Amino acid sequence: MAAMKPAVPSAPTPMPGGFTLIELAIVMFIVTLLLGGMLLPLAGQQDIRNHGDTQKIMADARDALLGFAMANDRLPCPASAASNGVESPVGGGVCTDPHGGFLPAVTLGLSPIDAQGYLLDGWGGDVANRVRYAVSTSNTNAFTTNSGMRTTGMTALAPDLQICSTGAGMVNPGNPATAVCAANTTLSADAVAVVFSLGKNAGTGGAGAEESHNPNPQSAVAADRAFVSAPQGTAFDDQMVWLSRSTLYNRMVAAGRLP
Ligand SMILES: [Ca+2]
Ligand SMILES: [Ca+2]
């Protein structure tokens, strides 16, 4: 007896062409999700790149300051808002704006600079993105006066820029000579110079409790010797590097400028 052949299923009847509105809506929803998922990381990546570029620009600036010190026996004064990237006054001495000025990019020969001669950070080409710089005025401006460091002597030199992890509880904020970090918030109490950027929010931010301690257009606190380098967040995005006395002395001794 011949085996029964299994029944071959007939081919399914083809569906009518085209998509229903519900199918289209689902596709659109998925595409929106995918695009959103891609765009957000892209913006985040750009921020990370700008942050990294700014850190490198500031580190290079610190190196340039060290080179200038070895070649000139002093640090440059900051550029003022009107000095076109040149230290003010030319030749150093008593700086026009020791705590609230800009990196003197023209004096240091750095680039890229804007049309007025100021070095820009990694966040953009606006005036607000100019790299800032402050220098200690201690020992009667020894750090910015020709041969001032050598004349004063390493053991007597007492650079006084204060770097605080928060502005909360800062003592005498706004006083150029006596501002001090609150207890247990001192990152450095003897920095020679500070180089900083106002960060991503440079154009509009700076009025917050922490950023207002770093000279900026929105700051309510007068420029003084104390600066805040707090963790990055929504209220604080300034970026900062400072020149320690140890690093400066090490280079100056190596160059035969000290003691
Ligand atoms: Ca900022
Ligand atoms: Ca300050």
# chains A, B, ... in the order shown; residues from 1 in each chain; ligands from 1
$ closest_atom_pairs --of "segment 164-211 of chain A" --to "segment 39-60 of chain A" --cutoff "12 Å" --atoms "only C-alpha atoms" --output "Markdown table"
| residue | atom | partner | partner_atom | distance |
| --- | --- | --- | --- | --- |
| A:Ala193 | CA | A:Met58 | CA | 11.9 |
| A:Val194 | CA | A:Met58 | CA | 9.6 |
| A:Val195 | CA | A:Met58 | CA | 6.3 |
| A:Phe196 | CA | A:Met58 | CA | 7.0 |
| A:Ser197 | CA | A:Thr54 | CA | 7.5 |
| A:Leu198 | CA | A:Thr54 | CA | 10.1 |
| A:Gly199 | CA | A:His51 | CA | 7.8 |
| A:Lys200 | CA | A:Asp47 | CA | 8.0 |
| A:Asn201 | CA | A:Asp47 | CA | 11.4 |
$ residues_near_ligand --ligand "ligand 2" --cutoff "12 Å" --atoms "only C-alpha atoms and all ligand atoms" --output "count of residues only"
44
$ closest_residue --among "A:Leu248, A:Ala254, A:Ile113, A:Val131" --to "ligand 1" --atoms "only C-alpha atoms and all ligand atoms"
A:Val131
$ residues_around --residues "Asn250 of chain A" --least-positions-apart "6" --cutoff "12 Å" --atoms "only C-alpha atoms" --output "list in words"
Leu66, Ala69, Met70, Met154, Leu243, Ser244, Gly256, Arg257, Leu258 and Pro259 of chain A
$ write_last_selection --atoms "N, CA and C atoms" --output "PDB file, in the first residue's frame"
ATOM      1  N   LEU A  66      56.282  79.303  32.109  1.00  0.00           N
ATOM      2  CA  LEU A  66      57.561  78.828  32.650  1.00  0.00           C
ATOM      3  C   LEU A  66      58.710  79.231  31.734  1.00  0.00           C
ATOM      4  N   ALA A  69      59.414  82.841  32.174  1.00  0.00           N
ATOM      5  CA  ALA A  69      60.105  83.108  33.440  1.00  0.00           C
ATOM      6  C   ALA A  69      61.592  82.792  33.329  1.00  0.00           C
ATOM      7  N   MET A  70      61.915  81.690  32.652  1.00  0.00           N
ATOM      8  CA  MET A  70      63.329  81.309  32.516  1.00  0.00           C
ATOM      9  C   MET A  70      64.080  82.313  31.644  1.00  0.00           C
ATOM     10  N   MET A 154      64.653  82.516  47.390  1.00  0.00           N
ATOM     11  CA  MET A 154      63.633  81.461  47.406  1.00  0.00           C
ATOM     12  C   MET A 154      63.009  81.254  48.772  1.00  0.00           C
ATOM     13  N   LEU A 243      50.059  77.334  38.541  1.00  0.00           N
ATOM     14  CA  LEU A 243      51.513  77.143  38.551  1.00  0.00           C
ATOM     15  C   LEU A 243      51.956  77.087  40.001  1.00  0.00           C
ATOM     16  N   SER A 244      52.484  75.950  40.423  1.00  0.00           N
ATOM     17  CA  SER A 244      52.911  75.813  41.816  1.00  0.00           C
ATOM     18  C   SER A 244      54.297  76.413  41.999  1.00  0.00           C
ATOM     19  N   GLY A 256      69.319  78.283  35.900  1.00  0.00           N
ATOM     20  CA  GLY A 256      70.366  79.136  36.467  1.00  0.00           C
ATOM     21  C   GLY A 256      69.884  80.511  36.874  1.00  0.00           C
ATOM     22  N   ARG A 257      68.524  80.674  36.989  1.00  0.00           N
ATOM     23  CA  ARG A 257      67.938  81.964  37.386  1.00  0.00           C
ATOM     24  C   ARG A 257      67.782  82.080  38.900  1.00  0.00           C
ATOM     25  N   LEU A 258      67.749  80.960  39.581  1.00  0.00           N
ATOM     26  CA  LEU A 258      67.665  80.903  41.038  1.00  0.00           C
ATOM     27  C   LEU A 258      68.671  79.875  41.502  1.00  0.00           C
ATOM     28  N   PRO A 259      69.183  79.907  42.696  1.00  0.00           N
ATOM     29  CA  PRO A 259      68.920  80.938  43.711  1.00  0.00           C
ATOM     30  C   PRO A 259      69.769  82.193  43.438  1.00  0.00           C
TER      31      PRO A 259
END
$ atom_distance --atom1 "atom CA of Ala158 of chain A" --atom2 "atom CA of Ala79 of chain A"
23.1 Å
$ closest_residue --among "A:Gly117, A:Pro104, A:Gly203, A:Gly67" --to "ligand 1" --atoms "only C-alpha atoms and all ligand atoms"
A:Gly203
$ atom_distance --atom1 "atom CA of Phe143 of chain A" --atom2 "atom CA of Thr185 of chain A"
25.5 Å
